[in-house]
>>> print(open('work-v4.json').read())   # JSON, C-alpha atoms and all ligand atoms
[["chain", "number", "residue", "atom", "x", "y", "z"],
["A", 1, "MET", "CA", 0.00, 0.00, 0.00],
["A", 2, "ASP", "CA", 1.20, 3.53, -0.76],
["A", 3, "THR", "CA", 1.78, 5.05, 2.69],
["A", 4, "ALA", "CA", 2.07, 8.50, 1.09],
["A", 5, "PHE", "CA", -1.72, 8.63, 0.97],
["A", 6, "PRO", "CA", -3.89, 5.86, 2.42],
["A", 7, "PRO", "CA", -7.11, 5.61, 0.38],
["A", 8, "ALA", "CA", -9.37, 6.06, 3.42],
["A", 9, "ILE", "CA", -8.02, 9.54, 4.14],
["A", 10, "ALA", "CA", -10.11, 11.47, 1.62],
["A", 11, "GLU", "CA", -13.36, 9.79, 2.75],
["A", 12, "ILE", "CA", -12.60, 10.44, 6.44],
["A", 13, "GLU", "CA", -11.69, 14.07, 5.76],
["A", 14, "ARG", "CA", -14.95, 14.56, 3.82],
["A", 15, "ARG", "CA", -17.09, 13.04, 6.58],
["A", 16, "ALA", "CA", -15.18, 14.84, 9.35],
["A", 17, "ALA", "CA", -15.84, 18.17, 7.60],
["A", 18, "ALA", "CA", -19.55, 17.33, 7.30],
["A", 19, "LEU", "CA", -19.61, 16.59, 11.06],
["A", 20, "GLY", "CA", -17.76, 19.83, 11.81],
["A", 21, "PHE", "CA", -14.94, 17.88, 13.47],
["A", 22, "ASP", "CA", -11.75, 19.97, 13.36],
["A", 23, "MET", "CA", -9.28, 17.97, 15.46],
["A", 24, "ASN", "CA", -7.99, 15.64, 12.74],
["A", 25, "SER", "CA", -4.32, 14.78, 12.53],
["A", 26, "GLY", "CA", -2.62, 16.35, 9.55],
["A", 27, "ARG", "CA", -0.77, 14.50, 6.83],
["A", 28, "LYS", "CA", 2.74, 15.25, 8.16],
["A", 29, "VAL", "CA", 1.93, 13.58, 11.46],
["A", 30, "GLY", "CA", 0.15, 10.86, 9.52],
["A", 31, "GLN", "CA", 3.25, 10.01, 7.53],
["A", 32, "LEU", "CA", 5.27, 9.87, 10.74],
["A", 33, "LEU", "CA", 2.67, 7.54, 12.31],
["A", 34, "ALA", "CA", 2.77, 5.25, 9.28],
["A", 35, "SER", "CA", 6.57, 5.12, 9.38],
["A", 36, "LEU", "CA", 6.68, 4.35, 13.11],
["A", 37, "ALA", "CA", 3.99, 1.68, 12.71],
["A", 38, "ALA", "CA", 6.03, 0.10, 9.90],
["A", 39, "SER", "CA", 8.99, -0.14, 12.27],
["A", 40, "LYS", "CA", 7.02, -2.56, 14.49],
["A", 41, "PRO", "CA", 6.35, -5.87, 12.69],
["A", 42, "CYS", "CA", 3.56, -7.75, 14.53],
["A", 43, "GLY", "CA", 3.25, -4.58, 16.59],
["A", 44, "GLN", "CA", 0.58, -3.87, 19.20],
["A", 45, "VAL", "CA", -0.51, -0.27, 18.66],
["A", 46, "LEU", "CA", -2.69, 1.96, 20.86],
["A", 47, "GLU", "CA", -4.28, 5.24, 19.85],
["A", 48, "LEU", "CA", -5.87, 7.40, 22.55],
["A", 49, "GLY", "CA", -8.41, 9.65, 20.83],
["A", 50, "THR", "CA", -9.75, 8.07, 17.63],
["A", 51, "GLY", "CA", -11.42, 11.22, 16.36],
["A", 52, "CYS", "CA", -12.76, 10.41, 12.89],
["A", 53, "GLY", "CA", -9.96, 7.93, 12.24],
["A", 54, "LEU", "CA", -7.28, 9.82, 10.36],
["A", 55, "GLY", "CA", -4.49, 8.76, 12.71],
["A", 56, "ALA", "CA", -5.85, 5.21, 12.66],
["A", 57, "ALA", "CA", -5.88, 5.18, 8.85],
["A", 58, "TRP", "CA", -2.24, 6.25, 8.74],
["A", 59, "LEU", "CA", -1.23, 3.77, 11.44],
["A", 60, "LEU", "CA", -2.99, 0.93, 9.59],
["A", 61, "SER", "CA", -1.25, 1.93, 6.36],
["A", 62, "GLY", "CA", 2.13, 1.39, 8.02],
["A", 63, "MET", "CA", 1.29, -1.74, 10.04],
["A", 64, "ASP", "CA", 1.99, -5.21, 8.70],
["A", 65, "ALA", "CA", -0.68, -7.91, 8.37],
["A", 66, "ASP", "CA", -0.01, -9.29, 11.87],
["A", 67, "ALA", "CA", -0.01, -5.98, 13.73],
["A", 68, "LYS", "CA", -3.05, -4.86, 15.77],
["A", 69, "LEU", "CA", -4.42, -1.42, 16.57],
["A", 70, "VAL", "CA", -6.71, -0.52, 19.49],
["A", 71, "THR", "CA", -8.17, 2.96, 19.21],
["A", 72, "VAL", "CA", -10.12, 4.62, 22.04],
["A", 73, "ASP", "CA", -12.52, 7.54, 22.17],
["A", 74, "THR", "CA", -15.40, 8.71, 24.36],
["A", 75, "ASP", "CA", -17.42, 10.20, 21.50],
["A", 76, "ASP", "CA", -19.39, 7.86, 19.27],
["A", 77, "GLY", "CA", -19.96, 10.60, 16.67],
["A", 78, "PRO", "CA", -16.46, 10.90, 15.26],
["A", 79, "GLN", "CA", -15.49, 7.37, 16.23],
["A", 80, "GLY", "CA", -18.55, 6.11, 14.31],
["A", 81, "ILE", "CA", -17.06, 7.59, 11.15],
["A", 82, "ALA", "CA", -13.76, 5.82, 11.82],
["A", 83, "ARG", "CA", -15.63, 2.57, 12.44],
["A", 84, "ASP", "CA", -17.64, 2.93, 9.21],
["A", 85, "VAL", "CA", -14.60, 3.67, 7.06],
["A", 86, "LEU", "CA", -11.96, 1.47, 8.69],
["A", 87, "GLY", "CA", -13.99, -1.23, 10.47],
["A", 88, "GLY", "CA", -13.61, -3.71, 7.62],
["A", 89, "ASP", "CA", -9.94, -4.04, 8.53],
["A", 90, "ASP", "CA", -9.74, -6.83, 11.11],
["A", 91, "ARG", "CA", -6.46, -5.46, 12.53],
["A", 92, "VAL", "CA", -8.32, -2.58, 14.23],
["A", 93, "SER", "CA", -10.54, -2.63, 17.35],
["A", 94, "PHE", "CA", -12.60, 0.37, 18.39],
["A", 95, "VAL", "CA", -13.16, 1.04, 22.09],
["A", 96, "LEU", "CA", -15.78, 3.56, 23.18],
["A", 97, "GLU", "CA", -14.45, 4.38, 26.64],
["A", 98, "ASP", "CA", -12.53, 6.94, 28.62],
["A", 99, "GLY", "CA", -8.86, 6.69, 27.72],
["A", 100, "GLY", "CA", -7.84, 7.02, 31.36],
["A", 101, "LYS", "CA", -9.96, 4.01, 32.32],
["A", 102, "VAL", "CA", -8.47, 1.99, 29.49],
["A", 103, "LEU", "CA", -4.94, 2.87, 30.62],
["A", 104, "GLU", "CA", -5.76, 1.96, 34.23],
["A", 105, "GLN", "CA", -6.83, -1.49, 33.00],
["A", 106, "THR", "CA", -3.88, -2.01, 30.65],
["A", 107, "ALA", "CA", -1.17, -4.44, 31.74],
["A", 108, "PRO", "CA", 2.40, -3.09, 31.74],
["A", 109, "SER", "CA", 4.46, -3.71, 28.59],
["A", 110, "SER", "CA", 1.43, -4.23, 26.35],
["A", 111, "PHE", "CA", 2.16, -1.92, 23.42],
["A", 112, "ASP", "CA", 4.93, -1.26, 20.89],
["A", 113, "LEU", "CA", 3.56, 2.10, 19.79],
["A", 114, "ILE", "CA", 1.21, 4.54, 21.53],
["A", 115, "PHE", "CA", -0.19, 7.64, 19.83],
["A", 116, "ALA", "CA", -1.51, 9.69, 22.76],
["A", 117, "ASP", "CA", -3.91, 12.11, 21.09],
["A", 118, "ALA", "CA", -6.41, 12.84, 23.89],
["A", 119, "TRP", "CA", -6.07, 14.32, 27.38],
["A", 120, "PRO", "CA", -5.62, 10.93, 29.12],
["A", 121, "GLY", "CA", -2.22, 9.47, 28.34],
["A", 122, "LYS", "CA", -0.86, 12.96, 27.89],
["A", 123, "PHE", "CA", -1.94, 15.47, 30.54],
["A", 124, "SER", "CA", -3.27, 12.75, 32.85],
["A", 125, "HIS", "CA", -2.39, 9.04, 33.18],
["A", 126, "LEU", "CA", 1.09, 9.61, 31.76],
["A", 127, "ASP", "CA", 2.63, 7.09, 34.18],
["A", 128, "GLU", "CA", 0.14, 4.44, 33.04],
["A", 129, "ALA", "CA", 0.73, 5.21, 29.35],
["A", 130, "LEU", "CA", 4.51, 4.93, 29.67],
["A", 131, "ALA", "CA", 4.23, 1.76, 31.76],
["A", 132, "ALA", "CA", 2.16, 0.25, 28.95],
["A", 133, "LEU", "CA", 5.13, 0.49, 26.56],
["A", 134, "ARG", "CA", 7.29, -2.52, 25.85],
["A", 135, "PRO", "CA", 11.08, -2.10, 25.70],
["A", 136, "GLY", "CA", 11.78, -0.37, 22.40],
["A", 137, "GLY", "CA", 8.22, 0.91, 22.42],
["A", 138, "ILE", "CA", 7.46, 4.38, 21.09],
["A", 139, "TYR", "CA", 5.20, 6.99, 22.70],
["A", 140, "LEU", "CA", 4.24, 9.78, 20.29],
["A", 141, "VAL", "CA", 2.33, 13.03, 20.84],
["A", 142, "ASP", "CA", 1.61, 16.07, 18.71],
["A", 143, "ASP", "CA", -0.10, 19.46, 19.15],
["A", 144, "LEU", "CA", 2.81, 20.82, 21.20],
["A", 145, "LEU", "CA", 3.31, 24.04, 19.25],
["A", 146, "PRO", "CA", 0.78, 26.83, 20.00],
["A", 147, "GLN", "CA", -2.56, 26.14, 18.26],
["A", 148, "LEU", "CA", -5.45, 28.51, 17.59],
["A", 149, "ASN", "CA", -7.90, 26.17, 19.35],
["A", 150, "TRP", "CA", -5.94, 25.98, 22.63],
["A", 151, "PRO", "CA", -7.88, 27.11, 25.70],
["A", 152, "ASP", "CA", -6.46, 29.99, 27.76],
["A", 153, "GLY", "CA", -3.51, 28.89, 29.86],
["A", 154, "HIS", "CA", -2.83, 25.69, 27.94],
["A", 155, "GLN", "CA", 0.78, 26.71, 27.22],
["A", 156, "THR", "CA", 1.47, 26.22, 30.94],
["A", 157, "ASN", "CA", 0.15, 22.64, 30.71],
["A", 158, "VAL", "CA", 2.30, 21.96, 27.66],
["A", 159, "ASP", "CA", 5.45, 23.42, 29.24],
["A", 160, "ALA", "CA", 5.01, 21.31, 32.38],
["A", 161, "TYR", "CA", 4.23, 18.22, 30.31],
["A", 162, "LEU", "CA", 7.33, 18.62, 28.13],
["A", 163, "ALA", "CA", 9.51, 19.14, 31.21],
["A", 164, "ASP", "CA", 8.04, 15.93, 32.66],
["A", 165, "LEU", "CA", 8.73, 13.98, 29.45],
["A", 166, "LYS", "CA", 12.34, 15.20, 29.29],
["A", 167, "ALA", "CA", 12.96, 14.21, 32.91],
["A", 168, "ARG", "CA", 11.69, 10.63, 32.58],
["A", 169, "GLU", "CA", 14.36, 8.04, 33.25],
["A", 170, "GLY", "CA", 14.54, 4.92, 31.12],
["A", 171, "PHE", "CA", 13.46, 6.65, 27.91],
["A", 172, "ALA", "CA", 15.12, 8.40, 24.98],
["A", 173, "PHE", "CA", 13.40, 11.75, 24.37],
["A", 174, "THR", "CA", 13.13, 13.80, 21.20],
["A", 175, "GLN", "CA", 11.14, 16.89, 20.27],
["A", 176, "MET", "CA", 10.54, 18.07, 16.70],
["A", 177, "ASP", "CA", 9.15, 21.21, 15.13],
["A", 178, "TRP", "CA", 7.26, 18.99, 12.70],
["A", 179, "ALA", "CA", 3.60, 19.56, 11.86],
["A", 180, "THR", "CA", 1.84, 20.81, 15.03],
["A", 181, "GLY", "CA", 4.88, 20.02, 17.18],
["A", 182, "VAL", "CA", 5.81, 16.46, 18.02],
["A", 183, "ALA", "CA", 7.53, 14.75, 20.94],
["A", 184, "MET", "CA", 8.55, 11.14, 21.25],
["A", 185, "LEU", "CA", 9.79, 8.89, 24.04],
["A", 186, "VAL", "CA", 11.30, 5.50, 23.28],
["A", 187, "ARG", "CA", 11.49, 3.04, 26.15],
["A", 188, "ARG", "CA", 15.01, 1.71, 26.72],
["A", 201, "LIG", "C1", -7.24, 15.36, 18.65],
["A", 201, "LIG", "S1", -8.71, 14.39, 18.54],
["A", 201, "LIG", "C2", -8.11, 12.84, 17.93],
["A", 201, "LIG", "C3", -7.69, 12.91, 16.49],
["A", 201, "LIG", "C4", -7.27, 11.58, 15.90],
["A", 201, "LIG", "N1", -6.32, 10.88, 16.75],
["A", 201, "LIG", "C5", -6.65, 11.79, 14.54],
["A", 201, "LIG", "O1", -5.52, 11.34, 14.32],
["A", 201, "LIG", "O2", -7.30, 12.38, 13.66],
["A", 201, "LIG", "C6", -9.02, 14.02, 20.23],
["A", 201, "LIG", "C7", -10.11, 13.00, 20.46],
["A", 201, "LIG", "O3", -10.05, 12.65, 21.84],
["A", 201, "LIG", "C8", -11.35, 12.32, 22.24],
["A", 201, "LIG", "N2", -11.41, 12.35, 23.70],
["A", 201, "LIG", "C9", -11.70, 13.39, 24.51],
["A", 201, "LIG", "N3", -11.66, 13.02, 25.80],
["A", 201, "LIG", "C10", -11.31, 11.70, 25.79],
["A", 201, "LIG", "C11", -11.10, 10.75, 26.82],
["A", 201, "LIG", "N4", -11.21, 11.08, 28.10],
["A", 201, "LIG", "N5", -10.78, 9.50, 26.46],
["A", 201, "LIG", "C12", -10.64, 9.15, 25.15],
["A", 201, "LIG", "N6", -10.83, 10.02, 24.14],
["A", 201, "LIG", "C13", -11.16, 11.27, 24.46],
["A", 201, "LIG", "C14", -12.22, 13.35, 21.56],
["A", 201, "LIG", "O4", -13.56, 12.87, 21.45],
["A", 201, "LIG", "C15", -11.52, 13.49, 20.21],
["A", 201, "LIG", "O5", -12.15, 12.69, 19.24]]
>>> encode(input="work-v4.json", output="structure tokens", more="lines below")
Ligand SMILES: C[S@@+](CC[C@H](N)C(=O)[O-])C[C@H]1O[C@@H](n2cnc3c(N)ncnc32)[C@H](O)[C@@H]1O
Amino acid sequence: MDTAFPPAIAEIERRAAALGFDMNSGRKVGQLLASLAASKPCGQVLELGTGCGLGAAWLLSGMDADAKLVTVDTDDGPQGIARDVLGGDDRVSFVLEDGGKVLEQTAPSSFDLIFADAWPGKFSHLDEALAALRPGGIYLVDDLLPQLNWPDGHQTNVDAYLADLKAREGFAFTQMDWATGVAMLVRR
């Protein structure tokens, strides 16, 4: 499959626009997700915050036939679009649940790649998300550069979060001015 542009993307973007959903991952982050997913043969992948499924479509485009993706959201509206468009792919499971609850119930060392794209797993439940990574596992986040839709005071949250990520022992940290601003931890 051509990971430069998974075929589901255009359909998801069209339906997300009709829903008025404006929190989709962009294509630069999508390409990064596909590349990271491709680095994990038979990988177990977790996405926190399905949205309408753009991140999931990119992840699936990079995953091999034996890899599995679990994607979690609390809102059946956008996630319903993702399920409609991507649900025919038996590598993906959709979970309609709070991401924090899912992380609390996740056994340590369960995932090879986590895309934390909701509040839980990022600004809450970070310990649980990082514990869920296997050695060599990758934790990826975006939306770290100032965005027009940030609530007042959110820069303070982001600054504290980035300082926390950088200080974590047992991980390699990197931060990139790519797309909306990306950071990555890789578990040693
Ligand atoms: C930035 S969007 C996700 C975009 C998607 N990952 C993509 O790549 O296009 C954030 C999503 O998190 C969901 N969300 C909000 N609170 C949540 C929670 N507590 N647990 C899980 N998902 C949550 C929202 O419904 C929204 O769909």
>>> axis_aligned_box(input="work-v4.json", around="ligand LIG 201 (chain A)", padding_each_side="4 Å", output="JSON")
{"center_x": -9.5, "center_y": 12.3, "center_z": 20.9, "size_x": 16.0, "size_y": 14.2, "size_z": 22.4}
>>> closest_residue(input="work-v4.json", among="A:Ser39, A:Gln79, A:Gln31, A:Gln147", to="ligand LIG 201 (chain A)", atoms="all atoms listed in the file")
A:Gln79
>>> residues_near_ligand(input="work-v4.json", ligand="ligand LIG 201 (chain A)", cutoff="10 Å", atoms="all atoms listed in the file", output="NGL selection string")
:A and (9 or 12-13 or 16 or 21-27 or 29-30 or 33 or 47-59 or 71-79 or 82 or 95-103 or 115-121 or 124 or 141-143)
>>> residues_around(input="work-v4.json", residues="Leu162 (chain A)", least_positions_apart="5", cutoff="12 Å", atoms="all atoms listed in the file", output="number ranges by chain")
A: 122-123, 126, 141-145, 155-157, 167-168, 173-176, 181-185
>>> closest_residue(input="work-v4.json", among="A:Gln44, A:Gln105, A:Ser110, A:Ser61", to="Phe5 (chain A)", atoms="all atoms listed in the file")
A:Ser61
>>> atom_distance(input="work-v4.json", atom1="CA of Ala34 (chain A)", atom2="CA of Arg187 (chain A)")
19.1 Å
>>> atom_distance(input="work-v4.json", atom1="CA of Asp159 (chain A)", atom2="CA of Ala131 (chain A)")
21.8 Å
>>> atom_distance(input="work-v4.json", atom1="CA of Leu148 (chain A)", atom2="CA of Tyr161 (chain A)")
19.0 Å
>>> residues_around(input="work-v4.json", residues="Glu104 (chain A)", least_positions_apart="4", cutoff="10 Å", atoms="only C-alpha atoms", output="short mmCIF file (atom, residue, chain, number, x, y, z; two decimals) with C-alpha atoms, in the coordinates of the input")
data_model
loop_
_atom_site.label_atom_id
_atom_site.label_comp_id
_atom_site.auth_asym_id
_atom_site.auth_seq_id
_atom_site.Cartn_x
_atom_site.Cartn_y
_atom_site.Cartn_z
CA GLY A 99 -8.86 6.69 27.72
CA GLY A 100 -7.84 7.02 31.36
CA PRO A 108 2.40 -3.09 31.74
CA HIS A 125 -2.39 9.04 33.18
CA ASP A 127 2.63 7.09 34.18
CA GLU A 128 0.14 4.44 33.04
CA ALA A 129 0.73 5.21 29.35
CA ALA A 132 2.16 0.25 28.95
#
>>> closest_residue(input="work-v4.json", among="A:Trp178, A:Asp64, A:Thr106, A:Leu46", to="Tyr139 (chain A)", atoms="only C-alpha atoms")
A:Leu46
>>> closest_residue(input="work-v4.json", among="A:Ala179, A:Leu60, A:Val85, A:Val186", to="Lys166 (chain A)", atoms="only C-alpha atoms")
A:Val186
>>> closest_residue(input="work-v4.json", among="A:Ile138, A:Ala67, A:Trp150, A:Ala17", to="Asp112 (chain A)", atoms="all atoms listed in the file")
A:Ile138
>>> decode(input="work-v4.json", residues="region 86-98 of chain A", atoms="N, CA and C atoms", output="PDB file, in the first residue's frame")
ATOM      1  N   LEU A  86     -13.123   2.346   8.471  1.00  0.00           N
ATOM      2  CA  LEU A  86     -11.962   1.469   8.693  1.00  0.00           C
ATOM      3  C   LEU A  86     -12.331   0.118   9.288  1.00  0.00           C
ATOM      4  N   GLY A  87     -13.595  -0.040   9.698  1.00  0.00           N
ATOM      5  CA  GLY A  87     -13.991  -1.225  10.467  1.00  0.00           C
ATOM      6  C   GLY A  87     -13.882  -2.526   9.710  1.00  0.00           C
ATOM      7  N   GLY A  88     -13.771  -2.482   8.393  1.00  0.00           N
ATOM      8  CA  GLY A  88     -13.609  -3.709   7.616  1.00  0.00           C
ATOM      9  C   GLY A  88     -12.222  -4.310   7.742  1.00  0.00           C
ATOM     10  N   ASP A  89     -11.319  -3.564   8.345  1.00  0.00           N
ATOM     11  CA  ASP A  89      -9.942  -4.041   8.533  1.00  0.00           C
ATOM     12  C   ASP A  89      -9.869  -4.764   9.872  1.00  0.00           C
ATOM     13  N   ASP A  90      -9.657  -6.072   9.850  1.00  0.00           N
ATOM     14  CA  ASP A  90      -9.736  -6.830  11.114  1.00  0.00           C
ATOM     15  C   ASP A  90      -8.528  -6.619  12.026  1.00  0.00           C
ATOM     16  N   ARG A  91      -7.594  -5.759  11.631  1.00  0.00           N
ATOM     17  CA  ARG A  91      -6.463  -5.456  12.525  1.00  0.00           C
ATOM     18  C   ARG A  91      -6.826  -4.379  13.534  1.00  0.00           C
ATOM     19  N   VAL A  92      -7.979  -3.704  13.347  1.00  0.00           N
ATOM     20  CA  VAL A  92      -8.317  -2.583  14.232  1.00  0.00           C
ATOM     21  C   VAL A  92      -9.505  -2.918  15.119  1.00  0.00           C
ATOM     22  N   SER A  93      -9.417  -2.516  16.408  1.00  0.00           N
ATOM     23  CA  SER A  93     -10.537  -2.630  17.352  1.00  0.00           C
ATOM     24  C   SER A  93     -10.861  -1.230  17.849  1.00  0.00           C
ATOM     25  N   PHE A  94     -12.146  -0.930  17.908  1.00  0.00           N
ATOM     26  CA  PHE A  94     -12.595   0.374  18.392  1.00  0.00           C
ATOM     27  C   PHE A  94     -13.142   0.217  19.805  1.00  0.00           C
ATOM     28  N   VAL A  95     -12.708   1.075  20.698  1.00  0.00           N
ATOM     29  CA  VAL A  95     -13.162   1.037  22.087  1.00  0.00           C
ATOM     30  C   VAL A  95     -13.794   2.384  22.403  1.00  0.00           C
ATOM     31  N   LEU A  96     -15.083   2.334  22.801  1.00  0.00           N
ATOM     32  CA  LEU A  96     -15.783   3.562  23.183  1.00  0.00           C
ATOM     33  C   LEU A  96     -15.728   3.666  24.706  1.00  0.00           C
ATOM     34  N   GLU A  97     -14.725   4.365  25.197  1.00  0.00           N
ATOM     35  CA  GLU A  97     -14.446   4.379  26.637  1.00  0.00           C
ATOM     36  C   GLU A  97     -13.498   5.527  26.942  1.00  0.00           C
ATOM     37  N   ASP A  98     -13.488   5.937  28.182  1.00  0.00           N
ATOM     38  CA  ASP A  98     -12.532   6.943  28.621  1.00  0.00           C
ATOM     39  C   ASP A  98     -11.101   6.380  28.513  1.00  0.00           C
TER      40      ASP A  98
END
